[in-house]
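Student: Following this line is data.cif, made up of mmCIF, C-alpha atoms:
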data_model
loop_
_atom_site.group_PDB
_atom_site.id
_atom_site.type_symbol
_atom_site.label_atom_id
_atom_site.label_comp_id
_atom_site.auth_asym_id
_atom_site.auth_seq_id
_atom_site.Cartn_x
_atom_site.Cartn_y
_atom_site.Cartn_z
ATOM 1 C CA MET A 1 0.000 0.000 0.000
ATOM 2 C CA ASN A 2 1.271 3.461 -0.886
ATOM 3 C CA THR A 3 1.675 6.293 1.592
ATOM 4 C CA PRO A 4 -0.721 9.236 1.334
ATOM 5 C CA ASP A 5 2.112 11.268 -0.204
ATOM 6 C CA GLU A 6 2.637 8.649 -2.902
ATOM 7 C CA ASP A 7 -1.073 8.322 -3.692
ATOM 8 C CA ILE A 8 -1.488 12.088 -3.952
ATOM 9 C CA ARG A 9 1.567 12.399 -6.223
ATOM 10 C CA ILE A 10 0.384 9.569 -8.460
ATOM 11 C CA ALA A 11 -3.016 11.241 -8.776
ATOM 12 C CA TRP A 12 -1.400 14.606 -9.539
ATOM 13 C CA ALA A 13 0.759 13.032 -12.221
ATOM 14 C CA ASN A 14 -2.417 11.666 -13.817
ATOM 15 C CA GLY A 15 -3.184 15.215 -14.879
ATOM 16 C CA THR A 16 -6.961 15.189 -14.475
ATOM 17 C CA PRO A 17 -8.595 17.294 -11.735
ATOM 18 C CA GLU A 18 -10.832 14.381 -10.772
ATOM 19 C CA ALA A 19 -7.861 12.100 -10.064
ATOM 20 C CA LEU A 20 -6.785 14.158 -7.048
ATOM 21 C CA HIS A 21 -10.342 14.179 -5.653
ATOM 22 C CA HIS A 22 -10.645 10.415 -6.126
ATOM 23 C CA ALA A 23 -7.288 9.756 -4.468
ATOM 24 C CA ALA A 24 -8.307 11.771 -1.393
ATOM 25 C CA GLU A 25 -11.658 9.953 -1.270
ATOM 26 C CA ARG A 26 -9.930 6.551 -1.500
ATOM 27 C CA LEU A 27 -7.460 7.434 1.240
ATOM 28 C CA ALA A 28 -10.283 8.567 3.530
ATOM 29 C CA ALA A 29 -12.339 5.443 2.796
ATOM 30 C CA ALA A 30 -9.289 3.295 3.595
ATOM 31 C CA GLY A 31 -9.126 4.836 7.080
ATOM 32 C CA CYS A 32 -6.308 7.301 6.511
ATOM 33 C CA GLU A 33 -6.419 10.175 8.975
ATOM 34 C CA GLU A 34 -7.379 13.636 7.832
ATOM 35 C CA ALA A 35 -4.063 15.136 8.940
ATOM 36 C CA SER A 36 -2.086 12.678 6.798
ATOM 37 C CA ILE A 37 -4.127 13.440 3.689
ATOM 38 C CA LEU A 38 -4.012 17.196 4.243
ATOM 39 C CA ASN A 39 -0.253 17.071 4.874
ATOM 40 C CA ALA A 40 0.269 15.257 1.577
ATOM 41 C CA LEU A 41 -1.864 17.824 -0.250
ATOM 42 C CA GLU A 42 -0.082 20.713 1.446
ATOM 43 C CA LYS A 43 3.349 19.341 0.500
ATOM 44 C CA LEU A 44 2.223 19.104 -3.107
ATOM 45 C CA LEU A 45 0.790 22.628 -2.986
ATOM 46 C CA LEU A 46 4.026 24.083 -1.612
ATOM 47 C CA GLU A 47 6.085 22.282 -4.241
ATOM 48 C CA ILE A 48 4.016 23.533 -7.149
ATOM 49 C CA ARG A 49 4.106 27.076 -5.736
ATOM 50 C CA VAL A 50 7.900 26.978 -5.660
ATOM 51 C CA ALA A 51 7.812 25.734 -9.252
ATOM 52 C CA GLY A 52 5.758 28.819 -10.217
ATOM 53 C CA ALA A 53 2.275 27.363 -10.582
ATOM 54 C CA ASP A 54 -0.546 29.703 -11.525
ATOM 55 C CA ASP A 55 -3.695 30.246 -9.439
ATOM 56 C CA ALA A 56 -5.766 27.772 -11.427
ATOM 57 C CA THR A 57 -3.227 25.031 -10.812
ATOM 58 C CA GLU A 58 -3.125 25.800 -7.092
ATOM 59 C CA ASP A 59 -6.934 25.771 -7.019
ATOM 60 C CA ARG A 60 -6.940 22.153 -8.193
ATOM 61 C CA ILE A 61 -5.229 21.221 -4.928
ATOM 62 C CA THR A 62 -6.989 23.649 -2.586
ATOM 63 C CA ASP A 63 -10.365 22.525 -3.958
ATOM 64 C CA VAL A 64 -9.601 19.035 -2.645
ATOM 65 C CA MET A 65 -8.343 20.404 0.680
ATOM 66 C CA GLU A 66 -11.558 22.371 1.134
ATOM 67 C CA ARG A 67 -13.576 19.154 0.983
ATOM 68 C CA PHE A 68 -12.165 18.282 4.435
ATOM 69 C CA THR A 69 -13.341 21.581 5.932
ATOM 70 C CA ASP A 70 -16.515 23.600 6.089
ATOM 71 C CA TRP A 71 -15.514 25.433 2.909
ATOM 72 C CA CYS A 72 -17.689 23.254 0.724
ATOM 73 C CA ARG A 73 -21.237 21.971 0.641
ATOM 74 C CA GLU A 74 -22.006 19.289 3.194
ATOM 75 C CA GLU A 75 -22.695 16.652 0.529
ATOM 76 C CA ASN A 76 -19.254 17.248 -1.016
ATOM 77 C CA ARG A 77 -17.299 16.788 2.209
ATOM 78 C CA ILE A 78 -14.842 13.950 2.540
ATOM 79 C CA ARG A 79 -15.378 12.066 5.803
ATOM 80 C CA VAL A 80 -12.261 10.860 7.584
ATOM 81 C CA ASN A 81 -10.949 9.565 10.870
ATOM 82 C CA ARG A 82 -9.649 12.533 12.785
ATOM 83 C CA THR A 83 -6.730 12.322 15.132
ATOM 84 C CA ARG A 84 -8.060 12.729 18.641
ATOM 85 C CA PRO A 85 -6.184 13.038 21.904
ATOM 86 C CA PRO A 86 -6.487 10.044 24.217
ATOM 87 C CA VAL A 87 -9.553 10.120 26.426
ATOM 88 C CA GLN A 88 -8.915 10.204 30.148
ATOM 89 C CA PRO A 89 -10.987 7.665 32.076
ATOM 90 C CA ALA A 90 -13.757 9.162 34.170
ATOM 91 C CA PRO A 91 -13.170 9.054 37.902
ATOM 92 C CA ASN A 92 -14.918 6.271 39.754
ATOM 93 C CA VAL A 93 -17.800 8.001 41.525
ATOM 94 C CA ASP A 94 -18.274 5.068 43.898
ATOM 95 C CA GLN A 95 -14.939 5.765 45.573
ATOM 96 C CA PRO A 96 -14.469 8.651 48.008
ATOM 97 C CA ALA A 97 -12.524 11.627 46.745
ATOM 98 C CA PRO A 98 -8.911 11.805 47.883
ATOM 99 C CA SER A 99 -8.384 13.984 50.933
ATOM 100 C CA ILE A 100 -6.476 17.225 50.514
ATOM 101 C CA ARG A 101 -4.008 18.021 53.263
#
Could I get this file's structure written as structure tokens?

Tutor:
Amino acid sequence: MNTPDEDIRIAWANGTPEALHHAAERLAAAGCEEASILNALEKLLLEIRVAGADDATEDRITDVMERFTDWCREENRIRVNRTRPPVQPAPNVDQPAPSIR
């Protein structure tokens, strides 16, 4: 299985705008975390900026990134597993609270 970076680069090399959208959708459906997908897209965006890409070319990438945020219609959003901090167990309410001295 490819890394998110590899999948995004392969899709970009395909040359069609839809390929990048489909790659992000596949990664999300496979359980890839949002941060990993967005990092791969951001790396690509920064690289094409350095190479002198025009606004329309950048938009092809940012359009995909926006599907992970509230910057698109709800039905166009890409659903992913989000990285969450570990949940602390709730205190046992049946035990007395520790005394403070």

Student: Would you pick out the contacts of region 27-42 of chain A at 12 Å or less, using only C-alpha atoms, so that residues sharing its chain but fewer than 4 positions from it are not included, and give the list as a ChimeraX atom specification?

Tutor: /A:1-12,20-23,46-49,58-69,77-84

Student: Please define a box with edges along x, y and z of the file around all atoms of region 44-61 of chain A given in the file, extend it by 5 Å on each side, and return its centre and edge lengths in Å to one decimal, as AutoDock Vina command-line options.

Tutor:
--center_x 0.5 --center_y 24.7 --center_z -6.6 --size_x 24.8 --size_y 21.1 --size_z 19.9

Student: For the atom pair CA of Asp54 (chain A) and CA of Arg26 (chain A), what is the interatomic distance in Å to one decimal place?

Tutor: 26.9 Å
